[in-house]
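Taking it in order: structure first as structure tokens, then the write-up.
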Amino acid sequence: MDMIDPFGRTISYLRVSVTDRCDFRCTYCMAEDMAFLPKKDLLSLEELDRLCGVFIEKGVRKLRLTGGEPLVRKNIMHLVRQLSRHLESGALEELTLTTNGSQLSRFAAELADFGVKRINVSLDTLDADKFHKITRWGHLGKVLEGIDAAQAAGLKVKLNAVALKDFNDAELPDMMRWAHGRGMDLTVIETMPMGEIDADRTDQYLPLSLLRASLERQFTLTDIPFKTGGPARYVHVAETGGRLGFITPMTHNFCESCNRVRLTCTGTLYMCLGQEDAADLRAPLRASEGNELVAAAIDEAIGRKPKGHDFIIDRRTSRPSVSRHMSVTGG
Ligand code: SAM
């Protein structure tokens, strides 16, 4: 039953984008006048639950809800509650979530009640004006309230920051001290060329090799084998006692150990974040009440999982490497 791709990689991690809609418009993620999918194209929460169940039967052990902003999907807690039965049965090891934090103060306690143990909160700056500028629609205070609520509910919080040249590079040491001071890991991410935005990504792109070199002038960073199932490589920071992760899709391709596939809210399965190839699971899901057709479609798709992504950001390459925005597949 296990899902093993043509390169011998076992797929055990499913990321599910439950909506492509978001209450922020981060400048590196999408254009301000972003067109979203018509609601009628979305899978219902019951259909998403059924599809997740098929993946779990086929060996998925870790499931991450993402988006868009997962906590703006109507009745999302119904799906979390449904999925938590797989934690109770032991079939699923971890149910987690990536969020911008805007709705966390409402939902943190319920997430913890349904067995979520850790979450990732995306936060690119601790400066309220810069936060509003980068997210266009977001308010830092609301996100900080959400982080407080999550920690109060006992959720382990990891912060994710996209490293952006001349935007937050100078601030990252302070963000790291702040995160580590509150018992949170911080992971920095290279911006990826996904979807048209209103800006030139070459102006935003900061290779993390440069960031690491600059951090090493102030901090003692030691590589550690710590893993959370995702692509981050971690260092221990002697001065803060905390962990800093690096996600480097541009400068260091980590595809050889990829264990992930991504499902969208319309039932499209992407076998690689950085490639266009996809498989439709909605039609086989709806064609029969049994799961045989959809299980066969998943096997066929895993058989086409590509070796890796080929992202390029440079002045000569004006088009994004993949046409869809990150909000379709949720990072
Ligand atoms: N709304 C949720 C959030 O903000 O975490 C989940 C979806 S969001 C698309 C997931 C992550 O992708 C966020 O950390 C965001 O900063 C990151 N992201 C969006 N566009 C990106 C890009 N082009 N390159 C790198 N990371 C990106």
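Note on naming: chains are A, B, ... as they come in the structure tokens, residues start from 1 per chain, ligands start from 1 in the order shown.
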
Residues near region 268-270 of chain A, cut-off 6 Å, only C-alpha atoms, skip fewer than 2 positions along chain, as a list in words: Arg262, Leu263, Thr264, Thr266, Cys272, Ala278, Ala279, Asp280 and Leu281 of chain A

Spatial neighbours of region 230-232 of chain A, max dist 7 Å, only C-alpha atoms, sep filter under 4 positions, as a ChimeraX atom specification: /A:245-247,254

Write a file of the just-selected residues containing all heavy atoms, as a CSV table (one decimal), in the first residue's frame.
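To be explicit, this is the file written out as out04.csv:
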```csv
chain,number,residue,atom,x,y,z
A,245,GLY,N,16.3,27.4,11.7
A,245,GLY,CA,16.3,26.5,10.5
A,245,GLY,C,16.5,27.3,9.2
A,245,GLY,O,16.2,28.5,9.2
A,246,PHE,N,17.0,26.6,8.2
A,246,PHE,CA,17.2,27.3,6.9
A,246,PHE,C,16.4,26.4,5.9
A,246,PHE,O,16.7,25.2,5.8
A,246,PHE,CB,18.7,27.3,6.5
A,246,PHE,CG,19.5,28.2,7.4
A,246,PHE,CD1,20.1,27.7,8.5
A,246,PHE,CD2,19.8,29.5,7.0
A,246,PHE,CE1,20.9,28.5,9.3
A,246,PHE,CE2,20.5,30.3,7.8
A,246,PHE,CZ,21.1,29.8,9.0
A,247,ILE,N,15.6,27.0,5.1
A,247,ILE,CA,14.9,26.3,4.0
A,247,ILE,C,15.4,27.0,2.7
A,247,ILE,O,15.2,28.2,2.5
A,247,ILE,CB,13.4,26.4,4.1
A,247,ILE,CG1,12.9,25.7,5.4
A,247,ILE,CG2,12.7,25.7,2.9
A,247,ILE,CD1,11.4,25.5,5.5
A,254,PHE,N,16.9,20.4,-1.9
A,254,PHE,CA,16.8,19.3,-0.9
A,254,PHE,C,15.9,18.2,-1.3
A,254,PHE,O,15.4,17.4,-0.5
A,254,PHE,CB,16.3,19.9,0.5
A,254,PHE,CG,15.2,20.9,0.3
A,254,PHE,CD1,14.0,20.6,-0.3
A,254,PHE,CD2,15.5,22.3,0.6
A,254,PHE,CE1,13.1,21.6,-0.5
A,254,PHE,CE2,14.6,23.2,0.4
A,254,PHE,CZ,13.3,22.9,-0.2
```

Selected residue, from A:Val54, A:Ile134, A:Ala108, A:Val116, that lies nearest to Ala31 (chain A) when counting only C-alpha atoms: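 That would be A:Ile134, the residue with the smallest distance to Ala31 (chain A).
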
Surrounding residues as number ranges by chain, ligand 1, max 8 Å, only C-alpha atoms and all ligand atoms: A: 17, 22, 24, 26, 28-30, 66-70, 98-101, 120-124, 160-162, 189-195, 325-331

Test item: residues at most 12 Å from Arg286 (chain A), only C-alpha atoms, excluding those fewer than 3 positions along its chain, as a ChimeraX atom specification: /A:43-44,46-48,50-51,266-267,280-283,289-294

Take the residues just selected and output them with N, CA and C atoms as a short mmCIF file (atom, residue, chain, number, x, y, z; two decimals), in the first residue's frame.
```cif
data_model
loop_
_atom_site.label_atom_id
_atom_site.label_comp_id
_atom_site.auth_asym_id
_atom_site.auth_seq_id
_atom_site.Cartn_x
_atom_site.Cartn_y
_atom_site.Cartn_z
N LEU A 43 -13.60 21.42 -3.02
CA LEU A 43 -14.09 20.20 -2.40
C LEU A 43 -14.77 20.58 -1.09
N SER A 44 -15.79 19.83 -0.71
CA SER A 44 -16.42 20.08 0.58
C SER A 44 -15.45 19.58 1.67
N GLU A 46 -16.14 17.44 3.84
CA GLU A 46 -16.30 15.97 3.91
C GLU A 46 -15.43 15.30 2.85
N GLU A 47 -15.41 15.91 1.64
CA GLU A 47 -14.59 15.32 0.57
C GLU A 47 -13.10 15.42 0.92
N LEU A 48 -12.70 16.56 1.49
CA LEU A 48 -11.29 16.70 1.88
C LEU A 48 -10.94 15.65 2.93
N ARG A 50 -12.36 12.78 3.34
CA ARG A 50 -12.31 11.45 2.73
C ARG A 50 -10.98 11.25 1.99
N LEU A 51 -10.57 12.28 1.25
CA LEU A 51 -9.31 12.17 0.51
C LEU A 51 -8.13 12.00 1.47
N THR A 266 -9.21 22.02 -4.50
CA THR A 266 -10.07 21.51 -5.57
C THR A 266 -9.77 20.04 -5.86
N GLY A 267 -8.90 19.45 -5.05
CA GLY A 267 -8.60 18.02 -5.25
C GLY A 267 -7.54 17.76 -6.29
N ASP A 280 -5.59 15.11 -11.20
CA ASP A 280 -6.92 15.44 -10.67
C ASP A 280 -7.44 14.27 -9.83
N LEU A 281 -7.72 14.53 -8.56
CA LEU A 281 -8.30 13.48 -7.72
C LEU A 281 -9.79 13.70 -7.49
N ARG A 282 -10.28 14.88 -7.89
CA ARG A 282 -11.70 15.18 -7.62
C ARG A 282 -12.61 14.28 -8.45
N ALA A 283 -12.27 14.09 -9.73
CA ALA A 283 -13.14 13.26 -10.58
C ALA A 283 -13.20 11.82 -10.07
N GLU A 289 -18.42 5.76 -4.70
CA GLU A 289 -18.44 5.90 -3.24
C GLU A 289 -17.29 5.17 -2.59
N GLY A 290 -16.78 4.17 -3.27
CA GLY A 290 -15.61 3.45 -2.76
C GLY A 290 -14.35 4.25 -3.09
N ASN A 291 -13.23 3.84 -2.50
CA ASN A 291 -12.01 4.63 -2.68
C ASN A 291 -11.03 4.03 -3.70
N GLU A 292 -11.47 2.96 -4.42
CA GLU A 292 -10.52 2.27 -5.29
C GLU A 292 -10.03 3.18 -6.41
N LEU A 293 -10.97 3.96 -7.01
CA LEU A 293 -10.57 4.78 -8.17
C LEU A 293 -9.59 5.86 -7.74
N VAL A 294 -9.89 6.48 -6.61
CA VAL A 294 -9.02 7.56 -6.18
C VAL A 294 -7.66 7.00 -5.73
#
```

All alpha helix (DSSP H) residues (DSSP, backbone) inside region 120-237 of chain A, as a PyMOL selection string: chain A and resi 128-135+140-152+172-181+201-204+208-215

Close residues, Gly274 (chain A) itself excluded, 8 Å, only C-alpha atoms, min 4 positions apart in chain, as a list in words: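 The filter keeps Met194, Gly308, His309, Asp310, Phe311, Ser321 and Val322 of chain A.
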
Pick out the residues sitting within 12 Å of Phe131 (chain A), and hand them over as an mmCIF file with all heavy atoms, in the first residue's frame; count only C-alpha atoms, and ignore anything fewer than 2 positions along from it in its own chain.
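Printed below is part-v4.cif as written:
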```cif
data_model
loop_
_atom_site.group_PDB
_atom_site.id
_atom_site.type_symbol
_atom_site.label_atom_id
_atom_site.label_comp_id
_atom_site.auth_asym_id
_atom_site.auth_seq_id
_atom_site.Cartn_x
_atom_site.Cartn_y
_atom_site.Cartn_z
ATOM 1 N N PHE A 24 -4.506 38.044 4.098
ATOM 2 C CA PHE A 24 -3.351 38.897 3.847
ATOM 3 C C PHE A 24 -3.067 38.885 2.345
ATOM 4 O O PHE A 24 -3.564 38.008 1.624
ATOM 5 C CB PHE A 24 -2.101 38.370 4.565
ATOM 6 C CG PHE A 24 -2.115 38.485 6.075
ATOM 7 C CD1 PHE A 24 -3.190 39.007 6.770
ATOM 8 C CD2 PHE A 24 -1.003 38.069 6.806
ATOM 9 C CE1 PHE A 24 -3.178 39.101 8.164
ATOM 10 C CE2 PHE A 24 -0.981 38.161 8.189
ATOM 11 C CZ PHE A 24 -2.062 38.669 8.871
ATOM 12 N N ARG A 25 -2.271 39.822 1.913
ATOM 13 C CA ARG A 25 -1.838 39.864 0.501
ATOM 14 C C ARG A 25 -0.329 40.075 0.473
ATOM 15 O O ARG A 25 0.150 41.086 -0.048
ATOM 16 C CB ARG A 25 -2.523 41.043 -0.235
ATOM 17 C CG ARG A 25 -4.026 40.901 -0.437
ATOM 18 C CD ARG A 25 -4.322 39.859 -1.507
ATOM 19 N NE ARG A 25 -5.745 39.705 -1.731
ATOM 20 C CZ ARG A 25 -6.569 39.004 -0.947
ATOM 21 N NH1 ARG A 25 -6.097 38.391 0.119
ATOM 22 N NH2 ARG A 25 -7.839 38.914 -1.239
ATOM 23 N N CYS A 26 0.428 39.159 1.059
ATOM 24 C CA CYS A 26 1.876 39.368 1.173
ATOM 25 C C CYS A 26 2.473 39.649 -0.206
ATOM 26 O O CYS A 26 2.177 38.937 -1.178
ATOM 27 C CB CYS A 26 2.534 38.159 1.815
ATOM 28 S SG CYS A 26 1.929 37.924 3.510
ATOM 29 N N THR A 27 3.310 40.664 -0.269
ATOM 30 C CA THR A 27 3.750 41.175 -1.576
ATOM 31 C C THR A 27 4.558 40.147 -2.370
ATOM 32 O O THR A 27 4.522 40.156 -3.593
ATOM 33 C CB THR A 27 4.599 42.442 -1.407
ATOM 34 O OG1 THR A 27 5.648 42.131 -0.495
ATOM 35 C CG2 THR A 27 3.781 43.602 -0.863
ATOM 36 N N ASN A 100 -1.019 32.258 9.118
ATOM 37 C CA ASN A 100 -0.460 33.600 9.281
ATOM 38 C C ASN A 100 -0.765 34.156 10.665
ATOM 39 O O ASN A 100 -0.333 35.254 11.015
ATOM 40 C CB ASN A 100 -0.953 34.549 8.181
ATOM 41 C CG ASN A 100 -2.457 34.790 8.239
ATOM 42 O OD1 ASN A 100 -3.095 34.671 9.275
ATOM 43 N ND2 ASN A 100 -3.030 35.162 7.096
ATOM 44 N N SER A 122 3.654 32.079 10.206
ATOM 45 C CA SER A 122 4.484 32.858 9.282
ATOM 46 C C SER A 122 4.544 34.290 9.776
ATOM 47 O O SER A 122 3.505 34.910 10.009
ATOM 48 C CB SER A 122 3.872 32.826 7.881
ATOM 49 O OG SER A 122 3.733 31.488 7.482
ATOM 50 N N LEU A 123 5.747 34.780 9.954
ATOM 51 C CA LEU A 123 5.914 36.146 10.478
ATOM 52 C C LEU A 123 7.230 36.680 9.923
ATOM 53 O O LEU A 123 8.289 36.122 10.201
ATOM 54 C CB LEU A 123 5.950 36.083 12.014
ATOM 55 C CG LEU A 123 6.089 37.400 12.764
ATOM 56 C CD1 LEU A 123 4.904 38.328 12.475
ATOM 57 C CD2 LEU A 123 6.166 37.148 14.279
ATOM 58 N N ASP A 124 7.145 37.745 9.126
ATOM 59 C CA ASP A 124 8.350 38.207 8.425
ATOM 60 C C ASP A 124 9.013 39.400 9.092
ATOM 61 O O ASP A 124 10.129 39.771 8.723
ATOM 62 C CB ASP A 124 7.999 38.568 6.971
ATOM 63 C CG ASP A 124 7.426 37.376 6.219
ATOM 64 O OD1 ASP A 124 7.932 36.258 6.422
ATOM 65 O OD2 ASP A 124 6.456 37.557 5.447
ATOM 66 N N THR A 125 8.314 40.056 10.013
ATOM 67 C CA THR A 125 8.904 41.211 10.698
ATOM 68 C C THR A 125 8.171 41.451 12.015
ATOM 69 O O THR A 125 7.002 41.083 12.153
ATOM 70 C CB THR A 125 8.810 42.485 9.811
ATOM 71 O OG1 THR A 125 9.248 43.615 10.581
ATOM 72 C CG2 THR A 125 7.410 42.757 9.305
ATOM 73 N N LEU A 126 8.863 42.076 12.957
ATOM 74 C CA LEU A 126 8.225 42.447 14.234
ATOM 75 C C LEU A 126 7.960 43.951 14.287
ATOM 76 O O LEU A 126 7.619 44.479 15.338
ATOM 77 C CB LEU A 126 9.135 42.031 15.398
ATOM 78 C CG LEU A 126 9.175 40.533 15.678
ATOM 79 C CD1 LEU A 126 10.274 40.181 16.677
ATOM 80 C CD2 LEU A 126 7.813 40.048 16.199
ATOM 81 N N ASP A 127 8.126 44.608 13.156
ATOM 82 C CA ASP A 127 7.860 46.047 13.092
ATOM 83 C C ASP A 127 6.449 46.227 12.505
ATOM 84 O O ASP A 127 6.174 45.782 11.385
ATOM 85 C CB ASP A 127 8.943 46.670 12.195
ATOM 86 C CG ASP A 127 8.717 48.146 11.952
ATOM 87 O OD1 ASP A 127 7.633 48.538 11.450
ATOM 88 O OD2 ASP A 127 9.637 48.915 12.249
ATOM 89 N N ALA A 128 5.570 46.869 13.293
ATOM 90 C CA ALA A 128 4.152 46.921 12.904
ATOM 91 C C ALA A 128 3.944 47.597 11.540
ATOM 92 O O ALA A 128 3.119 47.141 10.734
ATOM 93 C CB ALA A 128 3.345 47.643 13.974
ATOM 94 N N ASP A 129 4.707 48.657 11.257
ATOM 95 C CA ASP A 129 4.525 49.350 9.969
ATOM 96 C C ASP A 129 5.005 48.480 8.814
ATOM 97 O O ASP A 129 4.347 48.367 7.774
ATOM 98 C CB ASP A 129 5.304 50.678 9.947
ATOM 99 C CG ASP A 129 4.687 51.672 10.918
ATOM 100 O OD1 ASP A 129 3.476 51.533 11.210
ATOM 101 O OD2 ASP A 129 5.423 52.551 11.401
ATOM 102 N N LYS A 133 3.032 46.777 5.682
ATOM 103 C CA LYS A 133 3.499 47.005 4.313
ATOM 104 C C LYS A 133 3.669 45.670 3.555
ATOM 105 O O LYS A 133 3.224 45.530 2.425
ATOM 106 C CB LYS A 133 4.847 47.732 4.393
ATOM 107 C CG LYS A 133 5.246 48.394 3.126
ATOM 108 C CD LYS A 133 6.400 49.348 3.373
ATOM 109 C CE LYS A 133 7.106 49.568 2.053
ATOM 110 N NZ LYS A 133 8.535 49.733 2.195
ATOM 111 N N ILE A 134 4.263 44.678 4.208
ATOM 112 C CA ILE A 134 4.548 43.421 3.498
ATOM 113 C C ILE A 134 3.286 42.579 3.320
ATOM 114 O O ILE A 134 3.108 41.913 2.302
ATOM 115 C CB ILE A 134 5.673 42.612 4.202
ATOM 116 C CG1 ILE A 134 6.262 41.560 3.259
ATOM 117 C CG2 ILE A 134 5.225 41.935 5.474
ATOM 118 C CD1 ILE A 134 7.321 42.037 2.372
ATOM 119 N N THR A 135 2.381 42.637 4.310
ATOM 120 C CA THR A 135 1.168 41.802 4.209
ATOM 121 C C THR A 135 0.032 42.557 3.517
ATOM 122 O O THR A 135 -1.002 41.996 3.229
ATOM 123 C CB THR A 135 0.646 41.383 5.604
ATOM 124 O OG1 THR A 135 0.326 42.565 6.341
ATOM 125 C CG2 THR A 135 1.669 40.574 6.382
ATOM 126 N N ARG A 136 0.194 43.837 3.311
ATOM 127 C CA ARG A 136 -0.788 44.778 2.752
ATOM 128 C C ARG A 136 -2.033 44.915 3.639
ATOM 129 O O ARG A 136 -2.509 45.994 3.836
ATOM 130 C CB ARG A 136 -1.208 44.376 1.337
ATOM 131 C CG ARG A 136 -0.096 44.502 0.295
ATOM 132 C CD ARG A 136 -0.706 44.362 -1.079
ATOM 133 N NE ARG A 136 0.229 44.441 -2.182
ATOM 134 C CZ ARG A 136 0.578 43.406 -2.932
ATOM 135 N NH1 ARG A 136 0.106 42.201 -2.668
ATOM 136 N NH2 ARG A 136 1.382 43.568 -3.947
ATOM 137 N N TRP A 137 -2.571 43.786 4.134
ATOM 138 C CA TRP A 137 -3.844 43.839 4.861
ATOM 139 C C TRP A 137 -3.721 43.425 6.321
ATOM 140 O O TRP A 137 -4.721 43.410 7.043
ATOM 141 C CB TRP A 137 -4.879 42.909 4.192
ATOM 142 C CG TRP A 137 -5.302 43.326 2.824
ATOM 143 C CD1 TRP A 137 -4.808 44.375 2.089
ATOM 144 C CD2 TRP A 137 -6.303 42.716 2.014
ATOM 145 N NE1 TRP A 137 -5.430 44.436 0.879
ATOM 146 C CE2 TRP A 137 -6.362 43.426 0.805
ATOM 147 C CE3 TRP A 137 -7.156 41.625 2.207
ATOM 148 C CZ2 TRP A 137 -7.240 43.090 -0.221
ATOM 149 C CZ3 TRP A 137 -8.032 41.282 1.190
ATOM 150 C CH2 TRP A 137 -8.066 42.021 -0.019
ATOM 151 N N GLY A 138 -2.540 42.998 6.747
ATOM 152 C CA GLY A 138 -2.435 42.384 8.080
ATOM 153 C C GLY A 138 -2.080 43.372 9.175
ATOM 154 O O GLY A 138 -1.571 44.461 8.913
ATOM 155 N N HIS A 139 -2.362 42.975 10.428
ATOM 156 C CA HIS A 139 -2.011 43.789 11.592
ATOM 157 C C HIS A 139 -1.175 42.943 12.547
ATOM 158 O O HIS A 139 -1.618 41.876 12.987
ATOM 159 C CB HIS A 139 -3.271 44.296 12.290
ATOM 160 C CG HIS A 139 -4.049 45.216 11.399
ATOM 161 N ND1 HIS A 139 -3.648 46.505 11.147
ATOM 162 C CD2 HIS A 139 -5.155 44.998 10.642
ATOM 163 C CE1 HIS A 139 -4.489 47.057 10.277
ATOM 164 N NE2 HIS A 139 -5.409 46.159 9.950
ATOM 165 N N LEU A 140 0.012 43.450 12.847
ATOM 166 C CA LEU A 140 0.943 42.675 13.668
ATOM 167 C C LEU A 140 0.347 42.319 15.027
ATOM 168 O O LEU A 140 0.505 41.193 15.507
ATOM 169 C CB LEU A 140 2.246 43.480 13.845
ATOM 170 C CG LEU A 140 3.302 42.819 14.728
ATOM 171 C CD1 LEU A 140 3.847 41.546 14.075
ATOM 172 C CD2 LEU A 140 4.452 43.786 15.016
ATOM 173 N N GLY A 141 -0.347 43.286 15.652
ATOM 174 C CA GLY A 141 -0.881 43.059 17.003
ATOM 175 C C GLY A 141 -1.751 41.818 17.063
ATOM 176 O O GLY A 141 -1.684 41.027 18.007
ATOM 177 N N LYS A 142 -2.549 41.613 16.035
ATOM 178 C CA LYS A 142 -3.465 40.471 15.987
ATOM 179 C C LYS A 142 -2.672 39.152 15.948
ATOM 180 O O LYS A 142 -3.040 38.164 16.587
ATOM 181 C CB LYS A 142 -4.307 40.639 14.715
ATOM 182 C CG LYS A 142 -5.571 39.914 14.651
ATOM 183 C CD LYS A 142 -6.694 40.569 15.452
ATOM 184 C CE LYS A 142 -7.771 39.565 15.735
ATOM 185 N NZ LYS A 142 -7.850 38.926 16.971
ATOM 186 N N VAL A 143 -1.588 39.164 15.176
ATOM 187 C CA VAL A 143 -0.772 37.948 15.048
ATOM 188 C C VAL A 143 -0.052 37.660 16.368
ATOM 189 O O VAL A 143 0.014 36.508 16.814
ATOM 190 C CB VAL A 143 0.235 38.108 13.881
ATOM 191 C CG1 VAL A 143 1.208 36.941 13.834
ATOM 192 C CG2 VAL A 143 -0.524 38.244 12.565
ATOM 193 N N LEU A 144 0.450 38.718 17.003
ATOM 194 C CA LEU A 144 1.134 38.501 18.292
ATOM 195 C C LEU A 144 0.149 37.970 19.332
ATOM 196 O O LEU A 144 0.477 37.071 20.109
ATOM 197 C CB LEU A 144 1.805 39.796 18.771
ATOM 198 C CG LEU A 144 2.919 40.330 17.840
ATOM 199 C CD1 LEU A 144 3.552 41.585 18.426
ATOM 200 C CD2 LEU A 144 3.996 39.279 17.571
ATOM 201 N N ALA A 161 9.974 32.791 8.583
ATOM 202 C CA ALA A 161 10.139 34.117 7.987
ATOM 203 C C ALA A 161 10.764 33.970 6.609
ATOM 204 O O ALA A 161 11.779 33.281 6.461
ATOM 205 C CB ALA A 161 11.035 34.983 8.863
ATOM 206 N N PHE A 167 14.588 44.198 3.279
ATOM 207 C CA PHE A 167 13.317 44.325 4.002
ATOM 208 C C PHE A 167 13.491 43.853 5.446
ATOM 209 O O PHE A 167 13.324 44.619 6.383
ATOM 210 C CB PHE A 167 12.187 43.561 3.302
ATOM 211 C CG PHE A 167 10.909 43.619 4.103
ATOM 212 C CD1 PHE A 167 10.151 44.780 4.136
ATOM 213 C CD2 PHE A 167 10.500 42.539 4.890
ATOM 214 C CE1 PHE A 167 9.012 44.869 4.933
ATOM 215 C CE2 PHE A 167 9.367 42.618 5.681
ATOM 216 C CZ PHE A 167 8.617 43.795 5.691
ATOM 217 N N ASN A 168 13.852 42.570 5.622
ATOM 218 C CA ASN A 168 13.971 42.084 6.993
ATOM 219 C C ASN A 168 15.338 41.503 7.308
ATOM 220 O O ASN A 168 15.543 40.971 8.391
ATOM 221 C CB ASN A 168 12.866 41.059 7.309
ATOM 222 C CG ASN A 168 12.924 39.842 6.409
ATOM 223 O OD1 ASN A 168 13.824 39.719 5.561
ATOM 224 N ND2 ASN A 168 11.975 38.936 6.581
#
```

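Note that CA of Val261 (chain A) and CA of Ala295 (chain A) are 14.3 Å apart.
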
Spatial neighbours of region 173-184 of chain A, 8 Å, only C-alpha atoms, chain gap at least 6 places, as number ranges by chain: A: 125-126, 156-159, 215, 240-244

Counting only C-alpha atoms, the option among A:Pro38, A:Pro306, A:Gly229, A:Pro320 closest to Arg64 (chain A):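 Going through A:Pro38, A:Pro306, A:Gly229, A:Pro320 one by one, the smallest distance to Arg64 (chain A) is for A:Gly229.
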